[in-house]
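Okay, final-v7.pdb is below, PDB, C-alpha atoms:
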```pdb
MODEL        1
ATOM      1  CA  MET A   1      10.214 -12.046  25.462
ATOM      2  CA  ASN A   2       8.111 -15.247  25.464
ATOM      3  CA  LYS A   3       8.479 -18.061  22.945
ATOM      4  CA  LYS A   4       5.595 -16.951  20.720
ATOM      5  CA  LYS A   5       6.929 -13.414  20.505
ATOM      6  CA  GLN A   6      10.351 -14.795  19.640
ATOM      7  CA  GLN A   7       8.794 -16.881  16.870
ATOM      8  CA  LEU A   8       6.959 -13.847  15.515
ATOM      9  CA  VAL A   9      10.039 -11.638  15.555
ATOM     10  CA  PHE A  10      12.008 -14.368  13.749
ATOM     11  CA  ILE A  11       9.357 -14.797  11.054
ATOM     12  CA  LEU A  12       8.971 -11.045  10.628
ATOM     13  CA  SER A  13      12.726 -10.754  10.256
ATOM     14  CA  LEU A  14      12.721 -13.393   7.530
ATOM     15  CA  ILE A  15       9.967 -11.592   5.651
ATOM     16  CA  VAL A  16      11.772  -8.258   5.933
ATOM     17  CA  VAL A  17      14.976  -9.790   4.569
ATOM     18  CA  GLN A  18      13.140 -11.531   1.742
ATOM     19  CA  VAL A  19      11.171  -8.436   0.743
ATOM     20  CA  SER A  20      14.281  -6.248   0.839
ATOM     21  CA  ALA A  21      16.325  -8.770  -1.132
ATOM     22  CA  GLN A  22      13.664  -9.051  -3.802
ATOM     23  CA  LEU A  23      12.988  -5.378  -4.429
ATOM     24  CA  ARG A  24      14.865  -5.819  -7.707
ATOM     25  CA  VAL A  25      13.046  -9.068  -8.537
ATOM     26  CA  PRO A  26       9.790  -8.686  -6.563
ATOM     27  CA  MET A  27       8.190 -11.782  -5.139
ATOM     28  CA  TYR A  28       4.845 -13.089  -6.323
ATOM     29  CA  ILE A  29       2.365 -14.527  -3.844
ATOM     30  CA  SER A  30      -0.965 -15.797  -5.159
ATOM     31  CA  GLN A  31      -4.093 -13.706  -4.667
ATOM     32  CA  GLU A  32      -5.724 -16.647  -2.870
ATOM     33  CA  ALA A  33      -2.963 -16.755  -0.243
ATOM     34  CA  THR A  34      -2.846 -12.965   0.016
ATOM     35  CA  SER A  35      -6.601 -12.771   0.593
ATOM     36  CA  LYS A  36      -6.439 -15.409   3.343
ATOM     37  CA  TYR A  37      -3.506 -13.628   4.966
ATOM     38  CA  ALA A  38      -5.188 -10.203   4.915
ATOM     39  CA  SER A  39      -8.362 -11.624   6.419
ATOM     40  CA  LYS A  40      -6.666 -13.666   9.141
ATOM     41  CA  VAL A  41      -4.021 -11.165  10.255
ATOM     42  CA  TYR A  42      -5.664  -7.772   9.589
ATOM     43  CA  ASP A  43      -9.390  -8.600   9.334
ATOM     44  CA  ILE A  44      -9.449  -6.978   5.895
ATOM     45  CA  THR A  45     -11.458  -8.131   2.883
ATOM     46  CA  PHE A  46      -8.876  -8.206   0.078
ATOM     47  CA  LYS A  47     -10.504  -9.697  -3.019
ATOM     48  CA  GLU A  48      -9.242  -9.433  -6.565
ATOM     49  CA  PRO A  49     -11.108  -6.946  -8.801
ATOM     50  CA  LYS A  50     -13.985  -8.287 -10.867
ATOM     51  CA  GLY A  51     -13.446  -8.212 -14.606
ATOM     52  CA  PHE A  52      -9.647  -8.214 -14.243
ATOM     53  CA  VAL A  53      -7.115 -10.951 -14.929
ATOM     54  CA  ASP A  54      -4.404 -11.798 -12.424
ATOM     55  CA  MET A  55      -1.110 -11.225 -14.260
ATOM     56  CA  LYS A  56       0.583 -13.512 -11.721
ATOM     57  CA  MET A  57       3.473 -11.153 -11.215
ATOM     58  CA  SER A  58       4.633  -8.433  -8.862
ATOM     59  CA  GLU A  59       6.463  -5.229  -9.590
ATOM     60  CA  ALA A  60       8.308  -2.587  -7.570
ATOM     61  CA  TRP A  61       7.198   0.776  -8.930
ATOM     62  CA  VAL A  62       6.847   4.461  -8.080
ATOM     63  CA  PRO A  63       5.773   7.022 -10.716
ATOM     64  CA  GLY A  64       8.700   9.114 -11.903
ATOM     65  CA  LYS A  65      11.263   7.057  -9.999
ATOM     66  CA  LYS A  66      13.759   4.973 -11.968
ATOM     67  CA  GLY A  67      15.796   3.461  -9.146
ATOM     68  CA  LEU A  68      14.581   1.094  -6.455
ATOM     69  CA  GLY A  69      15.026   1.496  -2.735
ATOM     70  CA  ASP A  70      13.298   2.370   0.505
ATOM     71  CA  TYR A  71      10.643   4.485  -1.198
ATOM     72  CA  THR A  72       9.631   1.794  -3.683
ATOM     73  CA  ALA A  73       6.325   0.012  -3.171
ATOM     74  CA  ILE A  74       5.730  -3.589  -4.293
ATOM     75  CA  TYR A  75       2.483  -4.401  -6.058
ATOM     76  CA  GLN A  76       0.608  -7.397  -7.432
ATOM     77  CA  LEU A  77      -0.691  -6.695 -10.937
ATOM     78  CA  PHE A  78      -4.138  -7.193 -12.455
ATOM     79  CA  GLN A  79      -5.129  -6.240 -15.996
ATOM     80  CA  SER A  80      -8.579  -5.439 -17.371
ATOM     81  CA  LYS A  81      -9.790  -7.815 -20.052
ATOM     82  CA  ASP A  82      -9.582  -5.086 -22.687
ATOM     83  CA  SER A  83      -6.046  -4.175 -21.492
ATOM     84  CA  SER A  84      -7.026  -0.522 -20.978
ATOM     85  CA  CYS A  85      -6.209  -0.580 -17.259
ATOM     86  CA  ILE A  86      -3.682  -2.170 -14.938
ATOM     87  CA  LEU A  87      -4.593  -2.221 -11.265
ATOM     88  CA  MET A  88      -1.769  -2.541  -8.761
ATOM     89  CA  TYR A  89      -2.583  -4.098  -5.383
ATOM     90  CA  PRO A  90      -0.111  -3.686  -2.506
ATOM     91  CA  THR A  91       1.825  -6.829  -1.648
ATOM     92  CA  MET A  92       0.406  -7.559   1.805
ATOM     93  CA  ALA A  93       3.579  -9.378   2.886
ATOM     94  CA  ALA A  94       5.251  -5.964   2.921
ATOM     95  CA  VAL A  95       2.468  -4.326   4.989
ATOM     96  CA  PHE A  96       3.332  -4.732   8.645
ATOM     97  CA  PRO A  97       0.826  -4.606  11.520
ATOM     98  CA  THR A  98       0.816  -1.461  13.595
ATOM     99  CA  GLN A  99      -1.386   0.084  16.231
ATOM    100  CA  ARG A 100      -0.440   3.622  15.206
ATOM    101  CA  ASP A 101      -1.616   4.051  11.608
ATOM    102  CA  THR A 102      -3.751   7.154  10.999
ATOM    103  CA  SER A 103      -4.666   9.280   7.992
ATOM    104  CA  PHE A 104      -1.235  10.916   8.363
ATOM    105  CA  ARG A 105       0.493   7.838   6.917
ATOM    106  CA  ALA A 106      -1.870   7.634   3.955
ATOM    107  CA  ARG A 107      -1.364  11.334   3.285
ATOM    108  CA  SER A 108       2.420  10.916   3.531
ATOM    109  CA  LEU A 109       2.380   8.094   0.968
ATOM    110  CA  ALA A 110       0.244  10.179  -1.379
ATOM    111  CA  VAL A 111       2.499  13.227  -0.987
ATOM    112  CA  ASP A 112       5.635  11.133  -1.583
ATOM    113  CA  ASP A 113       4.161   9.764  -4.816
ATOM    114  CA  ILE A 114       3.250  13.265  -6.013
ATOM    115  CA  HIS A 115       6.778  14.472  -5.264
ATOM    116  CA  PHE A 116       8.331  11.579  -7.194
ATOM    117  CA  ALA A 117       5.925  11.974 -10.125
ATOM    118  CA  LEU A 118       6.788  15.678 -10.386
ATOM    119  CA  GLY A 119      10.514  15.016 -10.108
ATOM    120  CA  LEU A 120      10.790  16.737  -6.719
ATOM    121  CA  ARG A 121      12.572  13.867  -4.956
ATOM    122  CA  THR A 122      15.999  12.355  -5.519
ATOM    123  CA  GLU A 123      16.362   8.661  -6.326
ATOM    124  CA  ILE A 124      16.896   7.926  -2.622
ATOM    125  CA  GLY A 125      13.841   9.901  -1.583
ATOM    126  CA  LEU A 126      15.369  13.196  -0.467
ATOM    127  CA  PRO A 127      13.392  16.355  -1.298
ATOM    128  CA  GLN A 128      14.617  18.646  -4.046
ATOM    129  CA  LYS A 129      13.910  22.301  -4.558
ATOM    130  CA  GLY A 130      11.075  22.869  -6.960
ATOM    131  CA  ASP A 131       8.025  24.923  -7.771
ATOM    132  CA  THR A 132       5.251  25.259  -5.216
ATOM    133  CA  ILE A 133       2.767  22.425  -5.649
ATOM    134  CA  ASP A 134      -0.910  23.150  -6.240
ATOM    135  CA  TRP A 135      -2.217  20.284  -4.101
ATOM    136  CA  ASN A 136      -5.813  20.823  -5.239
ATOM    137  CA  LYS A 137      -4.702  19.914  -8.749
ATOM    138  CA  TYR A 138      -3.550  16.451  -7.726
ATOM    139  CA  LEU A 139      -5.062  15.474  -4.365
ATOM    140  CA  THR A 140      -8.701  14.902  -3.356
ATOM    141  CA  VAL A 141      -9.587  13.887   0.213
ATOM    142  CA  TYR A 142     -12.734  11.980   1.178
ATOM    143  CA  THR A 143     -13.857  11.335   4.749
ATOM    144  CA  ASP A 144     -16.992  10.388   6.696
ATOM    145  CA  LYS A 145     -19.785   8.838   4.599
ATOM    146  CA  TYR A 146     -17.774   8.367   1.393
ATOM    147  CA  ALA A 147     -14.935   6.526   3.131
ATOM    148  CA  ARG A 148     -17.186   4.430   5.374
ATOM    149  CA  GLN A 149     -19.596   3.302   2.668
ATOM    150  CA  ARG A 150     -16.888   2.254   0.250
ATOM    151  CA  PHE A 151     -14.178   0.790   2.471
ATOM    152  CA  ASN A 152     -15.373   1.151   6.087
ATOM    153  CA  ALA A 153     -12.421   3.536   6.314
ATOM    154  CA  ASP A 154     -11.849   6.910   7.984
ATOM    155  CA  THR A 155     -10.132   8.677   5.097
ATOM    156  CA  VAL A 156      -9.536   8.075   1.384
ATOM    157  CA  PHE A 157      -7.039  10.051  -0.708
ATOM    158  CA  ILE A 158      -7.412   9.932  -4.494
ATOM    159  CA  VAL A 159      -4.449  11.342  -6.396
ATOM    160  CA  GLU A 160      -3.832  12.195 -10.042
ATOM    161  CA  LEU A 161      -0.208  11.219 -10.637
ATOM    162  CA  PRO A 162       1.372  12.611 -13.823
ATOM    163  CA  ILE A 163       3.473  10.135 -15.789
ATOM    164  CA  LYS A 164       6.329  11.619 -17.794
ATOM    165  CA  GLU A 165       7.220   8.297 -19.412
ATOM    166  CA  SER A 166       4.461   5.865 -20.343
ATOM    167  CA  TYR A 167       4.274   2.637 -18.364
ATOM    168  CA  LYS A 168       4.994  -0.387 -20.591
ATOM    169  CA  GLU A 169       4.894   2.072 -23.527
ATOM    170  CA  LYS A 170       1.103   1.997 -23.313
ATOM    171  CA  TYR A 171      -0.253   3.409 -20.059
ATOM    172  CA  THR A 172      -0.024   7.197 -19.872
ATOM    173  CA  TYR A 173      -2.253   8.010 -16.894
ATOM    174  CA  CYS A 174      -2.028   7.021 -13.237
ATOM    175  CA  THR A 175      -4.426   7.421 -10.307
ATOM    176  CA  GLY A 176      -3.432   6.493  -6.764
ATOM    177  CA  VAL A 177      -5.897   5.469  -4.047
ATOM    178  CA  TYR A 178      -4.738   5.575  -0.400
ATOM    179  CA  ILE A 179      -7.083   4.215   2.264
ATOM    180  CA  SER A 180      -6.702   4.621   6.019
ATOM    181  CA  LYS A 181      -8.479   3.630   9.202
ATOM    182  CA  LYS A 182      -7.265   4.430  12.701
ATOM    183  CA  ASP A 183      -5.121   1.658  14.217
ATOM    184  CA  ARG A 184      -5.268  -0.374  10.981
ATOM    185  CA  PRO A 185      -2.697  -0.856   8.218
ATOM    186  CA  THR A 186      -2.864   1.762   5.457
ATOM    187  CA  LEU A 187      -3.724   0.356   2.007
ATOM    188  CA  PHE A 188      -2.642   1.908  -1.284
ATOM    189  CA  PHE A 189      -3.413   1.104  -4.921
ATOM    190  CA  LYS A 190      -2.427   2.361  -8.354
ATOM    191  CA  PHE A 191      -4.583   2.467 -11.481
ATOM    192  CA  LEU A 192      -2.695   2.787 -14.771
ATOM    193  CA  PHE A 193      -4.751   3.776 -17.804
ATOM    194  CA  THR A 194      -4.492   3.960 -21.549
ATOM    195  CA  GLU A 195      -6.385   6.797 -23.223
ATOM    196  CA  THR A 196      -9.436   4.542 -23.463
ATOM    197  CA  GLY A 197      -9.105   3.351 -19.869
ATOM    198  CA  LYS A 198      -8.886   6.928 -18.557
ATOM    199  CA  GLN A 199     -12.292   7.663 -20.069
ATOM    200  CA  ARG A 200     -13.686   4.870 -17.877
ATOM    201  CA  GLU A 201     -11.765   5.883 -14.761
ATOM    202  CA  GLN A 202     -14.759   6.159 -12.419
ATOM    203  CA  GLU A 203     -16.017   2.775 -13.548
ATOM    204  CA  HIS A 204     -12.638   1.233 -12.756
ATOM    205  CA  LEU A 205     -12.360   2.985  -9.384
ATOM    206  CA  LYS A 206     -15.693   1.506  -8.328
ATOM    207  CA  LEU A 207     -14.195  -1.960  -8.737
ATOM    208  CA  LEU A 208     -12.398  -1.514  -5.418
ATOM    209  CA  TYR A 209     -15.604  -0.892  -3.474
ATOM    210  CA  LYS A 210     -16.416  -3.885  -1.271
ATOM    211  CA  ARG A 211     -13.551  -5.855  -2.826
ATOM    212  CA  ILE A 212     -11.326  -4.027  -0.368
ATOM    213  CA  ARG A 213     -12.793  -3.372   3.061
ATOM    214  CA  TYR A 214     -11.820  -3.066   6.702
ATOM    215  CA  LYS A 215     -14.156  -5.461   8.497
ATOM    216  CA  ASN A 216     -14.781  -5.413  12.258
ATOM    217  CA  ASN A 217     -14.200  -2.016  13.859
ATOM    218  CA  ASN A 218     -12.918  -3.606  17.073
ATOM    219  CA  TRP A 219      -9.983  -5.423  15.426
ATOM    220  CA  VAL A 220      -6.950  -5.996  17.637
ATOM    221  CA  TYR A 221      -3.588  -7.316  16.481
ATOM    222  CA  ASP A 222      -3.151 -10.983  17.425
ATOM    223  CA  GLU A 223       0.351 -12.493  17.487
ATOM    224  CA  GLU A 224      -0.836 -16.083  17.001
ATOM    225  CA  LYS A 225      -2.885 -15.144  13.942
ATOM    226  CA  ALA A 226       0.102 -13.223  12.567
ATOM    227  CA  ILE A 227       2.318 -16.297  12.850
ATOM    228  CA  GLU A 228      -0.330 -18.439  11.121
ATOM    229  CA  GLY A 229      -0.695 -15.791   8.423
ATOM    230  CA  PHE A 230       3.007 -15.631   7.626
ATOM    231  CA  LYS A 231       3.043 -19.418   7.320
ATOM    232  CA  ILE A 232       0.315 -19.119   4.664
ATOM    233  CA  LEU A 233       2.487 -16.707   2.665
ATOM    234  CA  GLU A 234       5.651 -18.755   3.026
ATOM    235  CA  SER A 235       3.995 -22.029   1.984
ATOM    236  CA  ASP A 236       2.456 -20.311  -1.053
ATOM    237  CA  ARG A 237       5.806 -18.929  -2.222
ATOM    238  CA  TYR A 238       7.413 -22.349  -2.390
ATOM    239  CA  LYS A 239       4.604 -24.327  -4.054
TER     240      LYS A 239
ENDMDL
END
```

Show me this structure written as structure tokens.
Amino acid sequence: MNKKKQQLVFILSLIVVQVSAQLRVPMYISQEATSKYASKVYDITFKEPKGFVDMKMSEAWVPGKKGLGDYTAIYQLFQSKDSSCILMYPTMAAVFPTQRDTSFRARSLAVDDIHFALGLRTEIGLPQKGDTIDWNKYLTVYTDKYARQRFNADTVFIVELPIKESYKEKYTYCTGVYISKKDRPTLFFKFLFTETGKQREQEHLKLLYKRIRYKNNNWVYDEEKAIEGFKILESDRYK
């Protein structure tokens, strides 16, 4: 292994340890640093949603799951100005580069969330016996023109996730959006709505269009850019 690869492995290891250690008190990295990191390392446009306020906090959350662990995702939180919607962006520091991502991963994330929301997984993520799931009730799949026009993606999964207990005693509806493109990191978002926010769901979903986008189709993972990107995240954390 050459020196640069050793550096990268070391930095990746630090990030893994830090993310794992902070699952109970999730880290916050500014949207400015996150956007720079996503662009440099993954060639992804990752802009904050228009009309939303950065809550300057992160949270580890899965619908229907009380405990934290391997199946818990970490999100950065944004709130609409009228407080009717919270939009959760994935913490990019916890999204690792891979050359093998396909729509299968996005589908797996969506299915896991549905299982947790319906109480069909244990706290550590193991499947439980339960009723047969009517996938058409919860999961809608978009490919081709829809996915390309909105995110330059291959596949988009939009999922209605039932919430048994309201989030922050206010948000009673949840919609998950899972975006995939071959050989690129899978992206996943959560929209949490009040009754009023749910009525404007389509309007809120459109906020992601062109704010989140895979850029060049010929992207290739670059170790040097990854090292530079992790330095951006680390320097931002300790400002």

Evaluate the PyMOL selection byres ((chain A and resi 56) around 10) and record the selected residues as a ChimeraX atom specification, following the chain and residue labels used in the document. /A:28-31,53-55,57-58,76-78

Generate a file of the selected residues that holds C-alpha atoms, formatted as a JSON list (two decimals), in the frame of the given file.
```json
[["chain", "number", "residue", "atom", "x", "y", "z"],
["A", 28, "TYR", "CA", 4.84, -13.09, -6.32],
["A", 29, "ILE", "CA", 2.37, -14.53, -3.84],
["A", 30, "SER", "CA", -0.96, -15.80, -5.16],
["A", 31, "GLN", "CA", -4.09, -13.71, -4.67],
["A", 53, "VAL", "CA", -7.12, -10.95, -14.93],
["A", 54, "ASP", "CA", -4.40, -11.80, -12.42],
["A", 55, "MET", "CA", -1.11, -11.22, -14.26],
["A", 57, "MET", "CA", 3.47, -11.15, -11.22],
["A", 58, "SER", "CA", 4.63, -8.43, -8.86],
["A", 76, "GLN", "CA", 0.61, -7.40, -7.43],
["A", 77, "LEU", "CA", -0.69, -6.70, -10.94],
["A", 78, "PHE", "CA", -4.14, -7.19, -12.46]]
```

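If you measure from each of A:Gly229, A:Gly197, A:Gly119, A:Pro63 to A:Ala33 using all atoms listed in the file, the closest one turns out to be A:Gly229.
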
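Coordinates place atom CA of A:Arg184 at a distance of 17.2 Å from atom CA of A:Ala110.
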
So that I can check the surroundings of stretch 85-94 of chain A, please list as an MDAnalysis selection string every protein, DNA and RNA residue that reaches within 9 Å of it, counting all atoms listed in the file and ignoring chain neighbours fewer than 3 positions away. chainID A and resid 15:16 19 27:29 34:35 37:38 48:49 52 58:59 73:82 171 187:194 196:198 201 204 230 233

Stretch 214-227 of chain A: which residues within 7 Å, counting only C-alpha atoms, same-chain residues fewer than 4 positions away excluded, as an MDAnalysis selection string? chainID A and resid 8 40:41 43:45 151:153 231

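Using only C-alpha atoms, the nearest neighbour of A:Thr155 within the list A:Lys181, A:Lys47, A:Arg211, A:Lys168 is A:Lys181.
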
Do you know which residues are at most 7 Å from stretch 131-138 of chain A counting all atoms listed in the file, after dropping those on the same chain fewer than 4 positions away, and could you put them as a PyMOL selection string? chain A and resi 159-161

Report, in Å with one decimal, the straight-line distance from atom CA of A:Leu109 to atom CA of A:Phe157.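 Atom CA of A:Leu109 sits 9.8 Å away from atom CA of A:Phe157.
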
Between atom CA of A:Glu169 and atom CA of A:Gly64, distance in Å (one decimal): 14.1 Å

Centre and edge lengths, as lines of an AutoDock Vina configuration file, for the axis-aligned box enclosing every listed atom of stretch 171-184 of chain A with 4 Å of padding on each of the six sides, in Å to one decimal?
```
center_x = -4.3
center_y = 3.8
center_z = -2.9
size_x = 16.5
size_y = 16.4
size_z = 42.3
```

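Of the residues listed (A:Tyr178, A:Phe46, A:Tyr167, A:Phe104), A:Phe46 shows the shortest atom-to-atom separation from A:Glu32; distances use all atoms listed in the file.
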